[in-house]
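Chemist: Quick one: the structure is below, questions incoming.
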Amino acid sequence: MEHFQQVEPFDYVIFGATGDLTMRKLLPALYNRLRMDQIPDDACIIGAARTELDREAYVARARDALERFLPSDILSPGLVERFLARLDYVTLDSSREGPQWENLKALLAKTQPDRVRVYYFATAPQLYGGISENLHRYGLITPTSRVVLEKPIGTDMATATAINDGVGQYFPEKQIYRIDHYLGKETVQNVLALRFANPLMNAAWSAEHIESVQITAAETVGVEGRAAYYDTSGALRDMIQNHLLQVLCLVAMEAPDSLEADAVRNAKLAVLNALRPITDATAATETVRAQYTAGVVDGENVPGYLEELGKPSATETYAAIRAWVDTPRWKGVPFYIRTAKRSGRKVSEIVITFRPAATTMFGATPASNRLVLRVQPNEGVELRLNVKNPALDVYNLHTADLDAKIRMEGGMPFPDSYERLLLDAVRGDPVLFIRRDEVEAAWRWAEPILDAWKHDKVPMQTYSAGSYGPEQATRLLAGHGDTWHEAAE
Ligand code: BG6
């Protein structure tokens, strides 16, 4: 395909190589890029994990993962073999010193020392510092090395600082790529194009014309096999502190001078720094937290969160927040952010509601224009307009939706968000990765909310699995005369 270019030869070392993320996302994403002919034949992908496996056994696991997580029509036997031939494996307890590191060193010594090396940390984040130290100890950090850090970068500011310091001792910031896979999603990247390449949008993109913004990421899945992790995290840490705040930044930021990484990141940072703090005193009016109880999702009975967990818990599986960006552009515009597990529908979207026209010409006030950026599923852009009702002779308005589906050539599905990001690290393009100061600014805003919740300033609500969340979330908007998008349908 002409628009995808092959990257230069590289060595990709994945720590946490037997884990769920590697099997479900990373290996399938790399296979897909090889299928698109972006990965040169002499690239190496080396898995590293504690599990005692030889290369053959790891390759067998990788083959199973491709078969399990990719549609069969894209798995051609020849390509699968070509991909698996790129794989290697070392048994390694990456947080400890030891002779096993020599095996990794020997594999890397087979290729040119100036090749791009990407170290992908898909392990528990508290190990990131230790792995970096060992990479340094064994002389494996070269000038062309990069490290990709999976989320979560900490569970609060102190742990985030410890992780960033631990890695930062051995890798300069420009070699650190903090991944947020929402930034790899097509519609999320499209926010900038839509805003800044379309004067029509750009001219209307401020409090003068915009009444409110909603950012939603709802999933029908529960905590799946990840309850142990999820219960230490919760909806705010898992989705809002990173993914949804990043989306908010792209919606709210001032135009960057260019698409150069630091220009975009500076503009995002300015938004994070302008977020109005939520405190113990305001948390009860600005935030809602809840847990799902038993219910029906996609026609199936599913248990409640506490039943799944088998113990009491104060972890939220739903969070909704009314955020304010205190800049002149956004004065008085609420940004509603919410995320849910076990919601009635899987949907991620950005909904911009414009102020209604002030005209009295048509009798009743015209409906607000509403722009919906569908992140997933059905990537696209929808705009609600007022038009004359053709069924009536009198001048009566009704609404009509312009619906632009954004598709790949030939109707192919979009690449998974990991695909582009994994190769951006090889290309050395950090624009879709998060800089340290962004992570810290996001924690600075999120931590007081978590504290208020910890101190029970906001009661834990419940919602039935398969519903759209608790009643209190509806009230969060009602004060401004707003409703959540699905309720307005
Ligand atoms: C991950 C969270 O970062 O994002 C998961 O840890 C969540 O809990 C996932 O399910 C959602 O990603 P997507 O791409 O399916 O919206």
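Letters A, B, ... go to the chains of the structure tokens in the order shown; residues in each chain start at 1; ligands are counted from 1 in the same order.
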Give me the residues near segment 111-117 of chain A as a list of chain:residue names, where near means some atom within 9 Å (using only C-alpha atoms) and where sequence neighbours in that chain fewer than 5 positions away do not count.
Modeler: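 Close residues of segment 111-117 of chain A: A:Glu8, A:Pro9, A:Phe10, A:Asp11, A:Tyr12, A:Val13, A:Cys44, A:Ile141, A:Thr142, A:Pro143, A:Thr144, A:Ser145, A:Arg146, A:Val147, A:Val426, A:Arg427, A:Gly428.
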Chemist: What lies within 9 Å of segment 446-463 of chain A using only C-alpha atoms, ignoring chain neighbours under 5 positions off, as a PDB file with all heavy atoms, in the first residue's frame?
Modeler:
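File produced: around-v2.pdb:
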ATOM      1  N   THR A 155       0.138   5.456  40.174  1.00  0.00           N
ATOM      2  CA  THR A 155      -1.249   5.487  40.630  1.00  0.00           C
ATOM      3  C   THR A 155      -1.540   6.828  41.307  1.00  0.00           C
ATOM      4  O   THR A 155      -2.644   7.084  41.747  1.00  0.00           O
ATOM      5  CB  THR A 155      -1.523   4.355  41.644  1.00  0.00           C
ATOM      6  OG1 THR A 155      -0.503   4.431  42.658  1.00  0.00           O
ATOM      7  CG2 THR A 155      -1.470   2.991  40.991  1.00  0.00           C
ATOM      8  N   ASP A 156      -0.526   7.644  41.413  1.00  0.00           N
ATOM      9  CA  ASP A 156      -0.669   9.011  41.928  1.00  0.00           C
ATOM     10  C   ASP A 156       0.627   9.757  41.582  1.00  0.00           C
ATOM     11  O   ASP A 156       1.510   9.192  40.923  1.00  0.00           O
ATOM     12  CB  ASP A 156      -0.931   9.023  43.448  1.00  0.00           C
ATOM     13  CG  ASP A 156       0.137   8.252  44.227  1.00  0.00           C
ATOM     14  OD1 ASP A 156       1.231   7.993  43.678  1.00  0.00           O
ATOM     15  OD2 ASP A 156      -0.111   7.909  45.385  1.00  0.00           O
ATOM     16  N   MET A 157       0.734  10.985  42.042  1.00  0.00           N
ATOM     17  CA  MET A 157       1.905  11.785  41.668  1.00  0.00           C
ATOM     18  C   MET A 157       3.209  11.160  42.198  1.00  0.00           C
ATOM     19  O   MET A 157       4.217  11.113  41.483  1.00  0.00           O
ATOM     20  CB  MET A 157       1.733  13.202  42.214  1.00  0.00           C
ATOM     21  CG  MET A 157       2.861  14.099  41.847  1.00  0.00           C
ATOM     22  SD  MET A 157       2.895  14.420  40.076  1.00  0.00           S
ATOM     23  CE  MET A 157       2.179  16.023  40.074  1.00  0.00           C
ATOM     24  N   LEU A 236     -11.175   6.197  37.066  1.00  0.00           N
ATOM     25  CA  LEU A 236     -10.479   7.477  36.915  1.00  0.00           C
ATOM     26  C   LEU A 236      -9.011   7.264  36.530  1.00  0.00           C
ATOM     27  O   LEU A 236      -8.501   7.869  35.601  1.00  0.00           O
ATOM     28  CB  LEU A 236     -10.599   8.285  38.207  1.00  0.00           C
ATOM     29  CG  LEU A 236     -10.301   9.782  38.039  1.00  0.00           C
ATOM     30  CD1 LEU A 236     -11.053  10.594  39.077  1.00  0.00           C
ATOM     31  CD2 LEU A 236      -8.843  10.125  38.142  1.00  0.00           C
ATOM     32  N   ARG A 237      -8.368   6.354  37.243  1.00  0.00           N
ATOM     33  CA  ARG A 237      -6.948   6.107  36.936  1.00  0.00           C
ATOM     34  C   ARG A 237      -6.782   5.366  35.609  1.00  0.00           C
ATOM     35  O   ARG A 237      -5.846   5.595  34.867  1.00  0.00           O
ATOM     36  CB  ARG A 237      -6.304   5.259  38.030  1.00  0.00           C
ATOM     37  CG  ARG A 237      -6.090   5.980  39.344  1.00  0.00           C
ATOM     38  CD  ARG A 237      -5.274   5.071  40.268  1.00  0.00           C
ATOM     39  NE  ARG A 237      -4.919   5.729  41.495  1.00  0.00           N
ATOM     40  CZ  ARG A 237      -5.580   5.571  42.631  1.00  0.00           C
ATOM     41  NH1 ARG A 237      -6.658   4.793  42.700  1.00  0.00           N
ATOM     42  NH2 ARG A 237      -5.183   6.196  43.724  1.00  0.00           N
ATOM     43  N   ILE A 240      -9.456   7.990  32.704  1.00  0.00           N
ATOM     44  CA  ILE A 240      -9.598   9.449  32.642  1.00  0.00           C
ATOM     45  C   ILE A 240      -8.259  10.159  32.768  1.00  0.00           C
ATOM     46  O   ILE A 240      -7.940  11.045  31.980  1.00  0.00           O
ATOM     47  CB  ILE A 240     -10.609   9.939  33.710  1.00  0.00           C
ATOM     48  CG1 ILE A 240     -12.006   9.394  33.357  1.00  0.00           C
ATOM     49  CG2 ILE A 240     -10.619  11.472  33.784  1.00  0.00           C
ATOM     50  CD1 ILE A 240     -13.129   9.840  34.254  1.00  0.00           C
ATOM     51  N   GLN A 241      -7.459   9.754  33.752  1.00  0.00           N
ATOM     52  CA  GLN A 241      -6.181  10.454  33.993  1.00  0.00           C
ATOM     53  C   GLN A 241      -5.314  10.467  32.726  1.00  0.00           C
ATOM     54  O   GLN A 241      -4.528  11.373  32.521  1.00  0.00           O
ATOM     55  CB  GLN A 241      -5.438   9.772  35.161  1.00  0.00           C
ATOM     56  CG  GLN A 241      -4.190  10.497  35.615  1.00  0.00           C
ATOM     57  CD  GLN A 241      -2.941  10.066  34.854  1.00  0.00           C
ATOM     58  OE1 GLN A 241      -2.936   9.048  34.156  1.00  0.00           O
ATOM     59  NE2 GLN A 241      -1.874  10.850  34.986  1.00  0.00           N
ATOM     60  N   PRO A 277      -8.881  23.114  39.468  1.00  0.00           N
ATOM     61  CA  PRO A 277      -8.736  22.036  40.451  1.00  0.00           C
ATOM     62  C   PRO A 277     -10.091  21.652  41.055  1.00  0.00           C
ATOM     63  O   PRO A 277     -10.941  22.512  41.274  1.00  0.00           O
ATOM     64  CB  PRO A 277      -7.837  22.646  41.531  1.00  0.00           C
ATOM     65  CG  PRO A 277      -7.181  23.820  40.881  1.00  0.00           C
ATOM     66  CD  PRO A 277      -8.115  24.311  39.826  1.00  0.00           C
ATOM     67  N   ILE A 278     -10.270  20.372  41.271  1.00  0.00           N
ATOM     68  CA  ILE A 278     -11.454  19.886  41.986  1.00  0.00           C
ATOM     69  C   ILE A 278     -10.963  19.504  43.375  1.00  0.00           C
ATOM     70  O   ILE A 278      -9.957  18.803  43.515  1.00  0.00           O
ATOM     71  CB  ILE A 278     -12.079  18.691  41.233  1.00  0.00           C
ATOM     72  CG1 ILE A 278     -12.639  19.182  39.893  1.00  0.00           C
ATOM     73  CG2 ILE A 278     -13.171  18.015  42.076  1.00  0.00           C
ATOM     74  CD1 ILE A 278     -13.214  18.125  38.990  1.00  0.00           C
ATOM     75  N   THR A 279     -11.641  20.002  44.382  1.00  0.00           N
ATOM     76  CA  THR A 279     -11.149  19.832  45.756  1.00  0.00           C
ATOM     77  C   THR A 279     -12.172  19.052  46.581  1.00  0.00           C
ATOM     78  O   THR A 279     -13.259  18.747  46.094  1.00  0.00           O
ATOM     79  CB  THR A 279     -10.973  21.213  46.413  1.00  0.00           C
ATOM     80  OG1 THR A 279     -12.272  21.833  46.409  1.00  0.00           O
ATOM     81  CG2 THR A 279      -9.999  22.094  45.650  1.00  0.00           C
ATOM     82  N   ASP A 280     -11.813  18.799  47.824  1.00  0.00           N
ATOM     83  CA  ASP A 280     -12.764  18.159  48.748  1.00  0.00           C
ATOM     84  C   ASP A 280     -14.083  18.929  48.767  1.00  0.00           C
ATOM     85  O   ASP A 280     -15.152  18.363  48.874  1.00  0.00           O
ATOM     86  CB  ASP A 280     -12.182  18.182  50.175  1.00  0.00           C
ATOM     87  CG  ASP A 280     -11.353  16.934  50.448  1.00  0.00           C
ATOM     88  OD1 ASP A 280     -11.109  16.170  49.479  1.00  0.00           O
ATOM     89  OD2 ASP A 280     -10.947  16.739  51.609  1.00  0.00           O
ATOM     90  N   ALA A 281     -13.965  20.261  48.632  1.00  0.00           N
ATOM     91  CA  ALA A 281     -15.170  21.094  48.747  1.00  0.00           C
ATOM     92  C   ALA A 281     -16.055  21.006  47.503  1.00  0.00           C
ATOM     93  O   ALA A 281     -17.262  21.161  47.584  1.00  0.00           O
ATOM     94  CB  ALA A 281     -14.755  22.546  48.985  1.00  0.00           C
ATOM     95  N   ALA A 283     -15.796  18.384  45.048  1.00  0.00           N
ATOM     96  CA  ALA A 283     -15.880  17.044  44.435  1.00  0.00           C
ATOM     97  C   ALA A 283     -17.315  16.526  44.377  1.00  0.00           C
ATOM     98  O   ALA A 283     -17.724  15.893  43.402  1.00  0.00           O
ATOM     99  CB  ALA A 283     -14.993  16.064  45.190  1.00  0.00           C
ATOM    100  N   ALA A 284     -18.102  16.825  45.400  1.00  0.00           N
ATOM    101  CA  ALA A 284     -19.456  16.261  45.435  1.00  0.00           C
ATOM    102  C   ALA A 284     -20.348  16.842  44.344  1.00  0.00           C
ATOM    103  O   ALA A 284     -21.254  16.166  43.860  1.00  0.00           O
ATOM    104  CB  ALA A 284     -20.079  16.495  46.811  1.00  0.00           C
ATOM    105  N   THR A 285     -20.088  18.067  43.929  1.00  0.00           N
ATOM    106  CA  THR A 285     -20.936  18.625  42.864  1.00  0.00           C
ATOM    107  C   THR A 285     -20.338  18.389  41.479  1.00  0.00           C
ATOM    108  O   THR A 285     -21.053  18.427  40.488  1.00  0.00           O
ATOM    109  CB  THR A 285     -21.139  20.151  43.046  1.00  0.00           C
ATOM    110  OG1 THR A 285     -19.854  20.742  43.175  1.00  0.00           O
ATOM    111  CG2 THR A 285     -22.001  20.461  44.251  1.00  0.00           C
ATOM    112  N   THR A 287     -18.216  15.673  40.541  1.00  0.00           N
ATOM    113  CA  THR A 287     -17.841  14.294  40.169  1.00  0.00           C
ATOM    114  C   THR A 287     -18.893  13.279  40.620  1.00  0.00           C
ATOM    115  O   THR A 287     -19.606  13.506  41.598  1.00  0.00           O
ATOM    116  CB  THR A 287     -16.485  13.872  40.796  1.00  0.00           C
ATOM    117  OG1 THR A 287     -16.661  13.637  42.193  1.00  0.00           O
ATOM    118  CG2 THR A 287     -15.407  14.921  40.599  1.00  0.00           C
ATOM    119  N   VAL A 288     -18.936  12.180  39.897  1.00  0.00           N
ATOM    120  CA  VAL A 288     -19.817  11.051  40.263  1.00  0.00           C
ATOM    121  C   VAL A 288     -18.974   9.795  40.129  1.00  0.00           C
ATOM    122  O   VAL A 288     -18.221   9.642  39.157  1.00  0.00           O
ATOM    123  CB  VAL A 288     -21.014  10.965  39.277  1.00  0.00           C
ATOM    124  CG1 VAL A 288     -21.854   9.724  39.553  1.00  0.00           C
ATOM    125  CG2 VAL A 288     -21.868  12.222  39.364  1.00  0.00           C
ATOM    126  N   ARG A 289     -19.100   8.908  41.101  1.00  0.00           N
ATOM    127  CA  ARG A 289     -18.407   7.611  40.971  1.00  0.00           C
ATOM    128  C   ARG A 289     -19.410   6.508  41.259  1.00  0.00           C
ATOM    129  O   ARG A 289     -20.351   6.703  42.053  1.00  0.00           O
ATOM    130  CB  ARG A 289     -17.214   7.517  41.917  1.00  0.00           C
ATOM    131  CG  ARG A 289     -17.591   7.691  43.362  1.00  0.00           C
ATOM    132  CD  ARG A 289     -16.391   7.439  44.271  1.00  0.00           C
ATOM    133  NE  ARG A 289     -16.747   7.676  45.655  1.00  0.00           N
ATOM    134  CZ  ARG A 289     -16.178   7.069  46.685  1.00  0.00           C
ATOM    135  NH1 ARG A 289     -15.224   6.181  46.487  1.00  0.00           N
ATOM    136  NH2 ARG A 289     -16.545   7.344  47.912  1.00  0.00           N
ATOM    137  N   ALA A 290     -19.228   5.378  40.630  1.00  0.00           N
ATOM    138  CA  ALA A 290     -20.217   4.307  40.810  1.00  0.00           C
ATOM    139  C   ALA A 290     -19.614   2.945  40.476  1.00  0.00           C
ATOM    140  O   ALA A 290     -18.577   2.860  39.805  1.00  0.00           O
ATOM    141  CB  ALA A 290     -21.422   4.574  39.908  1.00  0.00           C
ATOM    142  N   GLN A 291     -20.314   1.920  40.948  1.00  0.00           N
ATOM    143  CA  GLN A 291     -19.930   0.532  40.644  1.00  0.00           C
ATOM    144  C   GLN A 291     -21.119  -0.158  39.987  1.00  0.00           C
ATOM    145  O   GLN A 291     -22.269   0.103  40.379  1.00  0.00           O
ATOM    146  CB  GLN A 291     -19.654  -0.231  41.943  1.00  0.00           C
ATOM    147  CG  GLN A 291     -18.323   0.051  42.559  1.00  0.00           C
ATOM    148  CD  GLN A 291     -18.150  -0.634  43.920  1.00  0.00           C
ATOM    149  OE1 GLN A 291     -19.124  -1.031  44.571  1.00  0.00           O
ATOM    150  NE2 GLN A 291     -16.912  -0.742  44.356  1.00  0.00           N
ATOM    151  N   TYR A 292     -20.853  -1.074  39.055  1.00  0.00           N
ATOM    152  CA  TYR A 292     -21.986  -1.775  38.447  1.00  0.00           C
ATOM    153  C   TYR A 292     -22.460  -2.922  39.335  1.00  0.00           C
ATOM    154  O   TYR A 292     -21.668  -3.563  40.020  1.00  0.00           O
ATOM    155  CB  TYR A 292     -21.686  -2.244  37.014  1.00  0.00           C
ATOM    156  CG  TYR A 292     -20.544  -3.215  36.822  1.00  0.00           C
ATOM    157  CD1 TYR A 292     -20.712  -4.592  37.027  1.00  0.00           C
ATOM    158  CD2 TYR A 292     -19.304  -2.767  36.398  1.00  0.00           C
ATOM    159  CE1 TYR A 292     -19.667  -5.469  36.825  1.00  0.00           C
ATOM    160  CE2 TYR A 292     -18.254  -3.647  36.190  1.00  0.00           C
ATOM    161  CZ  TYR A 292     -18.448  -5.005  36.415  1.00  0.00           C
ATOM    162  OH  TYR A 292     -17.404  -5.879  36.218  1.00  0.00           O
ATOM    163  N   THR A 293     -23.768  -3.112  39.294  1.00  0.00           N
ATOM    164  CA  THR A 293     -24.372  -4.267  39.973  1.00  0.00           C
ATOM    165  C   THR A 293     -24.797  -5.228  38.865  1.00  0.00           C
ATOM    166  O   THR A 293     -24.683  -4.913  37.677  1.00  0.00           O
ATOM    167  CB  THR A 293     -25.584  -3.827  40.811  1.00  0.00           C
ATOM    168  OG1 THR A 293     -26.462  -3.085  39.945  1.00  0.00           O
ATOM    169  CG2 THR A 293     -25.180  -2.936  41.970  1.00  0.00           C
ATOM    170  N   ALA A 294     -25.316  -6.393  39.270  1.00  0.00           N
ATOM    171  CA  ALA A 294     -25.689  -7.399  38.264  1.00  0.00           C
ATOM    172  C   ALA A 294     -26.678  -6.807  37.264  1.00  0.00           C
ATOM    173  O   ALA A 294     -27.454  -5.912  37.594  1.00  0.00           O
ATOM    174  CB  ALA A 294     -26.299  -8.602  38.975  1.00  0.00           C
ATOM    175  N   GLY A 295     -26.646  -7.288  36.049  1.00  0.00           N
ATOM    176  CA  GLY A 295     -27.562  -6.771  35.032  1.00  0.00           C
ATOM    177  C   GLY A 295     -27.461  -7.581  33.761  1.00  0.00           C
ATOM    178  O   GLY A 295     -26.932  -8.713  33.764  1.00  0.00           O
ATOM    179  N   ALA A 314     -13.854  -0.392  47.240  1.00  0.00           N
ATOM    180  CA  ALA A 314     -14.271   1.011  47.070  1.00  0.00           C
ATOM    181  C   ALA A 314     -13.763   1.531  45.723  1.00  0.00           C
ATOM    182  O   ALA A 314     -13.546   2.722  45.534  1.00  0.00           O
ATOM    183  CB  ALA A 314     -13.700   1.843  48.212  1.00  0.00           C
ATOM    184  N   THR A 315     -13.564   0.619  44.766  1.00  0.00           N
ATOM    185  CA  THR A 315     -13.057   1.013  43.444  1.00  0.00           C
ATOM    186  C   THR A 315     -14.220   1.286  42.505  1.00  0.00           C
ATOM    187  O   THR A 315     -15.134   0.472  42.397  1.00  0.00           O
ATOM    188  CB  THR A 315     -12.184  -0.127  42.876  1.00  0.00           C
ATOM    189  OG1 THR A 315     -11.114  -0.337  43.786  1.00  0.00           O
ATOM    190  CG2 THR A 315     -11.630   0.235  41.502  1.00  0.00           C
ATOM    191  N   GLU A 316     -14.140   2.425  41.807  1.00  0.00           N
ATOM    192  CA  GLU A 316     -15.238   2.770  40.896  1.00  0.00           C
ATOM    193  C   GLU A 316     -15.045   2.143  39.519  1.00  0.00           C
ATOM    194  O   GLU A 316     -13.916   2.062  39.034  1.00  0.00           O
ATOM    195  CB  GLU A 316     -15.361   4.302  40.779  1.00  0.00           C
ATOM    196  CG  GLU A 316     -14.347   5.004  39.881  1.00  0.00           C
ATOM    197  CD  GLU A 316     -12.915   5.033  40.407  1.00  0.00           C
ATOM    198  OE1 GLU A 316     -12.690   4.640  41.568  1.00  0.00           O
ATOM    199  OE2 GLU A 316     -12.012   5.454  39.640  1.00  0.00           O
ATOM    200  N   TYR A 318     -17.191   3.281  37.178  1.00  0.00           N
ATOM    201  CA  TYR A 318     -17.821   4.367  36.407  1.00  0.00           C
ATOM    202  C   TYR A 318     -17.366   5.677  37.025  1.00  0.00           C
ATOM    203  O   TYR A 318     -17.292   5.800  38.249  1.00  0.00           O
ATOM    204  CB  TYR A 318     -19.346   4.265  36.530  1.00  0.00           C
ATOM    205  CG  TYR A 318     -20.101   5.384  35.822  1.00  0.00           C
ATOM    206  CD1 TYR A 318     -20.713   5.168  34.598  1.00  0.00           C
ATOM    207  CD2 TYR A 318     -20.197   6.660  36.386  1.00  0.00           C
ATOM    208  CE1 TYR A 318     -21.405   6.187  33.950  1.00  0.00           C
ATOM    209  CE2 TYR A 318     -20.868   7.689  35.741  1.00  0.00           C
ATOM    210  CZ  TYR A 318     -21.468   7.448  34.524  1.00  0.00           C
ATOM    211  OH  TYR A 318     -22.136   8.455  33.877  1.00  0.00           O
ATOM    212  N   ALA A 441       1.105  16.865  35.155  1.00  0.00           N
ATOM    213  CA  ALA A 441      -0.010  17.821  35.219  1.00  0.00           C
ATOM    214  C   ALA A 441      -1.337  17.074  35.338  1.00  0.00           C
ATOM    215  O   ALA A 441      -2.255  17.497  36.046  1.00  0.00           O
ATOM    216  CB  ALA A 441      -0.003  18.716  33.987  1.00  0.00           C
ATOM    217  N   TYR A 468     -26.837   3.004  31.375  1.00  0.00           N
ATOM    218  CA  TYR A 468     -25.876   4.040  30.984  1.00  0.00           C
ATOM    219  C   TYR A 468     -25.236   4.747  32.177  1.00  0.00           C
ATOM    220  O   TYR A 468     -24.649   5.804  32.020  1.00  0.00           O
ATOM    221  CB  TYR A 468     -26.541   5.056  30.047  1.00  0.00           C
ATOM    222  CG  TYR A 468     -26.762   4.460  28.682  1.00  0.00           C
ATOM    223  CD1 TYR A 468     -28.027   4.079  28.264  1.00  0.00           C
ATOM    224  CD2 TYR A 468     -25.682   4.226  27.845  1.00  0.00           C
ATOM    225  CE1 TYR A 468     -28.214   3.496  27.022  1.00  0.00           C
ATOM    226  CE2 TYR A 468     -25.853   3.635  26.609  1.00  0.00           C
ATOM    227  CZ  TYR A 468     -27.120   3.270  26.198  1.00  0.00           C
ATOM    228  OH  TYR A 468     -27.292   2.687  24.987  1.00  0.00           O
ATOM    229  N   GLY A 469     -25.404   4.172  33.356  1.00  0.00           N
ATOM    230  CA  GLY A 469     -24.751   4.800  34.500  1.00  0.00           C
ATOM    231  C   GLY A 469     -25.780   5.299  35.495  1.00  0.00           C
ATOM    232  O   GLY A 469     -26.990   5.209  35.271  1.00  0.00           O
ATOM    233  N   PRO A 470     -25.297   5.823  36.618  1.00  0.00           N
ATOM    234  CA  PRO A 470     -26.216   6.206  37.689  1.00  0.00           C
ATOM    235  C   PRO A 470     -26.953   7.514  37.392  1.00  0.00           C
ATOM    236  O   PRO A 470     -26.476   8.342  36.616  1.00  0.00           O
ATOM    237  CB  PRO A 470     -25.282   6.383  38.884  1.00  0.00           C
ATOM    238  CG  PRO A 470     -23.977   6.762  38.281  1.00  0.00           C
ATOM    239  CD  PRO A 470     -23.895   6.085  36.954  1.00  0.00           C
ATOM    240  N   GLU A 471     -28.076   7.659  38.035  1.00  0.00           N
ATOM    241  CA  GLU A 471     -28.926   8.847  37.929  1.00  0.00           C
ATOM    242  C   GLU A 471     -28.133  10.136  38.233  1.00  0.00           C
ATOM    243  O   GLU A 471     -28.324  11.166  37.593  1.00  0.00           O
ATOM    244  CB  GLU A 471     -30.076   8.626  38.943  1.00  0.00           C
ATOM    245  CG  GLU A 471     -31.036   9.761  39.155  1.00  0.00           C
ATOM    246  CD  GLU A 471     -31.651  10.235  37.845  1.00  0.00           C
ATOM    247  OE1 GLU A 471     -31.771   9.427  36.914  1.00  0.00           O
ATOM    248  OE2 GLU A 471     -31.975  11.450  37.770  1.00  0.00           O
ATOM    249  N   GLN A 472     -27.236  10.045  39.197  1.00  0.00           N
ATOM    250  CA  GLN A 472     -26.480  11.236  39.619  1.00  0.00           C
ATOM    251  C   GLN A 472     -25.698  11.845  38.445  1.00  0.00           C
ATOM    252  O   GLN A 472     -25.453  13.044  38.403  1.00  0.00           O
ATOM    253  CB  GLN A 472     -25.488  10.884  40.744  1.00  0.00           C
ATOM    254  CG  GLN A 472     -26.120  10.693  42.095  1.00  0.00           C
ATOM    255  CD  GLN A 472     -26.905   9.385  42.201  1.00  0.00           C
ATOM    256  OE1 GLN A 472     -26.839   8.522  41.324  1.00  0.00           O
ATOM    257  NE2 GLN A 472     -27.668   9.240  43.255  1.00  0.00           N
TER     258      GLN A 472
END
Chemist: Enumerate, as an NGL selection string, the complete set of residues in segment 223-419 of chain A that a backbone-based DSSP assignment places in strand (DSSP E).
Modeler: :A and (287-293 or 295-297 or 300-302 or 318-324 or 334-340 or 347-354 or 370-376 or 380-388 or 397-405)
Chemist: Closest to ligand 1 among A:Arg137, A:Arg436, A:Arg226, A:Arg420, using only C-alpha atoms and all ligand atoms?
Modeler: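 Going through A:Arg137, A:Arg436, A:Arg226, A:Arg420 one by one, the smallest distance to ligand 1 is for A:Arg226.
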Chemist: Give me, as a PyMOL selection string, the set of residues whose atoms come within 9 Å of any atom of ligand 1, counting only C-alpha atoms and all ligand atoms.
Modeler: chain A and resi 151-152+180-182+185+217-219+221-223+226+230+234-235+237-239+242-243+341+346-348+375-376+416-417
Chemist: Report as a ChimeraX atom specification: the residues of segment 251-333 of chain A with a DSSP assignment of helix (DSSP H, G or I), based on the backbone of this structure.
Modeler: /A:251-252,261-274,283-286,305-309,328-330
Chemist: Might you pull out every residue within 12 Å of Ser76 of chain A, with only C-alpha atoms counted and same-chain residues fewer than 6 positions away left off, and present them as a list in words?
Modeler: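 Neighbouring residues, sequence-local ones excluded: Tyr31, Asn32, Leu34, Arg35, Arg63, Leu66, Glu67, Leu70, Arg82 and Phe83 of chain A.
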Chemist: Can you measure atom CA of Lys268 of chain A to atom CA of Glu254 of chain A for me? One decimal in Å is fine.
Modeler: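 Separation of atom CA of Lys268 of chain A and atom CA of Glu254 of chain A: 8.3 Å.
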Chemist: Counting only C-alpha atoms, which of A:Trp445, A:Phe335, A:Tyr170, A:Phe69 gets nearest to Asp20 of chain A?
Modeler: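 Smallest distance to Asp20 of chain A is found for A:Phe69.
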Chemist: In terms of the shortest atom-to-atom distance over only C-alpha atoms, which of A:Ala323, A:Ile14, A:Ala57, A:Val167 is closest to Leu272 of chain A?
Modeler: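 Going through A:Ala323, A:Ile14, A:Ala57, A:Val167 one by one, the smallest distance to Leu272 of chain A is for A:Ala323.
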Chemist: Name the closest residue to Gly380 of chain A among the candidates A:Glu102, A:Asp403, A:Glu208, A:Glu150; distances are taken between atoms, counting only C-alpha atoms.
Modeler: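 Among the listed residues, the smallest separation from Gly380 of chain A belongs to A:Asp403.
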Chemist: Using only C-alpha atoms, which protein or nucleic acid residues come within 9 Å of segment 209-211 of chain A? Drop anything in the same chain fewer than 6 positions from it, and give the result as a VMD selection string.
Modeler: chain A and resid 203 330 332 to 334 352 to 356 368
